[in-house]
Every structure is written in structure tokens, then in C-alpha cells.
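For reference, start-v3.cif is printed below; it contains mmCIF, C-alpha atoms.
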data_work
#
loop_
_atom_site.label_atom_id
_atom_site.label_comp_id
_atom_site.auth_asym_id
_atom_site.auth_seq_id
_atom_site.Cartn_x
_atom_site.Cartn_y
_atom_site.Cartn_z
CA ASN A 1 0.00 0.00 0.00
CA LEU A 2 1.42 3.35 -1.07
CA LEU A 3 0.10 5.16 2.00
CA ASP A 4 1.82 2.69 4.31
CA ASP A 5 5.11 3.21 2.47
CA GLY A 6 4.72 6.97 2.88
CA ALA A 7 3.97 6.55 6.56
CA ASP A 8 7.05 4.35 6.95
CA ASP A 9 9.20 6.98 5.24
CA PHE A 10 7.74 9.70 7.44
CA GLN A 11 8.28 7.60 10.55
CA LYS A 12 11.91 6.91 9.55
CA ALA A 13 12.52 10.60 8.87
CA LEU A 14 10.95 11.58 12.18
CA HIS A 15 13.09 9.02 14.00
CA VAL A 16 16.25 10.50 12.40
CA VAL A 17 15.24 14.04 13.36
CA ILE A 18 14.58 13.00 16.97
CA ARG A 19 17.93 11.17 17.19
CA CYS A 20 19.73 14.18 15.75
CA LEU A 21 18.05 16.63 18.13
CA ASN A 22 18.46 14.35 21.13
CA ASP A 23 22.21 13.75 20.70
CA PRO A 24 23.68 15.38 17.59
CA LYS A 25 27.26 14.20 18.22
CA LYS A 26 26.14 10.59 18.49
CA TYR A 27 23.99 10.97 15.37
CA PHE A 28 26.81 12.48 13.29
CA GLU A 29 29.29 9.85 14.52
CA LYS A 30 26.91 7.17 13.26
CA VAL A 31 26.51 8.92 9.89
CA LEU A 32 30.31 9.04 9.52
CA ARG A 33 30.72 5.40 10.58
CA GLN A 34 28.09 4.24 8.10
CA ALA A 35 29.57 6.42 5.32
CA ILE A 36 33.02 4.91 5.83
CA LYS A 37 32.07 1.29 6.48
CA ARG A 38 29.71 0.75 3.55
CA ALA A 39 31.01 -0.76 0.34
CA GLY A 40 32.13 2.29 -1.61
CA THR A 41 32.48 5.24 0.74
CA ASP A 42 29.44 7.55 0.86
CA GLU A 43 31.35 10.70 -0.04
CA ASP A 44 28.26 12.92 0.12
CA ALA A 45 27.55 11.99 3.74
CA LEU A 46 31.23 12.11 4.67
CA THR A 47 31.68 15.58 3.17
CA ARG A 48 28.39 16.92 4.55
CA VAL A 49 29.17 15.97 8.16
CA ILE A 50 32.82 17.03 8.15
CA VAL A 51 32.19 20.37 6.44
CA THR A 52 29.07 21.33 8.41
CA ARG A 53 30.46 20.29 11.81
CA ALA A 54 34.07 21.51 11.32
CA GLU A 55 33.64 24.74 13.27
CA ARG A 56 31.04 23.44 15.68
CA ASP A 57 31.56 20.10 17.37
CA LEU A 58 33.77 18.05 15.07
CA LYS A 59 36.36 17.58 17.81
CA ASP A 60 33.74 15.96 20.05
CA ILE A 61 32.46 13.83 17.16
CA LYS A 62 36.04 12.69 16.45
CA GLU A 63 36.48 11.68 20.10
CA LEU A 64 33.20 9.77 20.07
CA TYR A 65 34.18 8.08 16.78
CA TYR A 66 37.45 6.92 18.34
CA LYS A 67 35.69 5.61 21.47
CA LYS A 68 33.21 3.60 19.40
CA ASN A 69 35.56 2.38 16.65
CA SER A 70 39.06 2.28 18.23
CA VAL A 71 40.36 4.11 15.17
CA HIS A 72 40.94 7.83 14.70
CA LEU A 73 38.49 9.38 12.26
CA GLU A 74 41.40 10.98 10.35
CA HIS A 75 42.94 7.54 9.73
CA ALA A 76 39.62 6.02 8.63
CA VAL A 77 38.97 8.92 6.24
CA ALA A 78 42.54 8.86 4.88
CA LYS A 79 42.26 5.12 4.22
CA GLU A 80 38.98 5.47 2.31
CA THR A 81 39.73 8.59 0.24
CA SER A 82 42.47 9.85 -2.07
CA GLY A 83 43.98 12.86 -3.82
CA ASP A 84 42.81 16.42 -3.23
CA TYR A 85 39.55 15.17 -1.70
CA LYS A 86 41.53 13.24 0.95
CA ALA A 87 43.78 16.26 1.61
CA PHE A 88 40.72 18.52 1.97
CA LEU A 89 38.93 16.27 4.49
CA VAL A 90 42.06 15.46 6.49
CA THR A 91 42.85 19.19 6.72
CA LEU A 92 39.35 19.91 8.03
CA LEU A 93 39.68 17.07 10.52
CA GLY A 94 43.03 18.37 11.76
CA GLN A 95 45.66 16.20 13.35
CA GLU A 96 45.44 14.45 16.69
CA ASP A 97 47.35 16.28 19.41
#
Written as C-alpha cells, that's how I'd like the structure from this file.
Amino acid sequence: NLLDDGADDFQKALHVVIRCLNDPKKYFEKVLRQAIKRAGTDEDALTRVIVTRAERDLKDIKELYYKKNSVHLEHAVAKETSGDYKAFLVTLLGQED
């Protein structure tokens, strides 16, 4: 039923919004993890999160990513990207102190 599919989509979207509002750092860490771990890196999601969170809470997201994955986000991104795109993202991520 088409209406049921629409309701499912709405429910999924609402769930994402609530998760994002409830704990944005946790939500963005999950988006990054899924973008990196899927077959063929989701460059749109990766770029969107890193660019939009760079001057806000990216440091906290990086710490959470490390706690959950035992790998620094910079290393995961560097492994999955290349060229100027890799340099761009790694620069935005900064280096671990």
C-alpha cells in the first residue's frame, strides 16, 4: 500500500530528526561510521558531516568516533579517500594532538 510506504518513510525521517536533536554528536558519529564502512564510501555523507560540523563540534564527534571504533576518524577517512579530496577532508579534521 502506497500510503503505508509513505507513513514508513515519514516515521523513519521523524526518527532520524529526533535522534539528531536528542544527541547530535552521536547521530553524526553514526553517519560518519556508516559512510566509511559501507562498500564504496558515501562521499556525500562524509563531506556533509565534516564540512558542516568543522567549526562546531567536530572535535567531540572525532572523540566519540574513536571511542566507538578504536580508530581515529582521520585515519579512517585517509584510508577510504584519495587525492585532493583526501587532503581537503584530512585538513578539516586536523591532526590528533
Practice problem: Excluding region 47-61 of chain A and residues on its chain fewer than 6 positions from it, collect all residues at most 7 Å away from it, counting all atoms listed in the file, and give them as a list in words. | Solution: Lys25, Phe28, Glu29 and Leu92 of chain A
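Of note, CA of Tyr66 (chain A) and CA of Leu14 (chain A) are spaced 27.6 Å apart.
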Quiz item: So which one's closest to Asp23 (chain A), A:Asp8, A:Leu89, A:Arg38, A:Leu64? Using all atoms listed in the file, please.
Solution: A:Leu64
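When only C-alpha atoms are used to measure the gap to Arg33 (chain A), the shortest distance among A:Lys67, A:Leu46, A:Arg19, A:Lys79 belongs to A:Leu46.
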Quiz prompt | Selection: 7 Å around region 68-76 of chain A, all atoms listed in the file, excl. self and same-chain fewer than 4 positions, as a VMD selection string | solution = chain A and resid 62 64 80 90 93
Centre and edge lengths, as lines of an AutoDock Vina configuration file, for the axis-aligned box enclosing every listed atom of region 28-38 of chain A with 8 Å of padding on each of the six sides, in Å to one decimal?
center_x = 29.8
center_y = 6.6
center_z = 9.0
size_x = 22.5
size_y = 27.7
size_z = 27.0
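If you look at CA of Ala39 (chain A) and CA of Ala7 (chain A), they are 28.7 Å away from each other.
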Quiz item: When you draw a straight line from CA of Val77 (chain A) to CA of Leu32 (chain A), how long is it in Å?
Solution: 9.3 Å
Quiz item: Which is closest to Gly94 (chain A) among A:Ala45, A:Ala78, A:Gln34, A:Phe10, if we use all atoms listed in the file?
Solution: A:Ala78
Quiz item: Which is closest to Glu43 (chain A) among A:Val31, A:Leu21, A:Thr91, A:Asp9, if we use all atoms listed in the file?
Solution: A:Val31
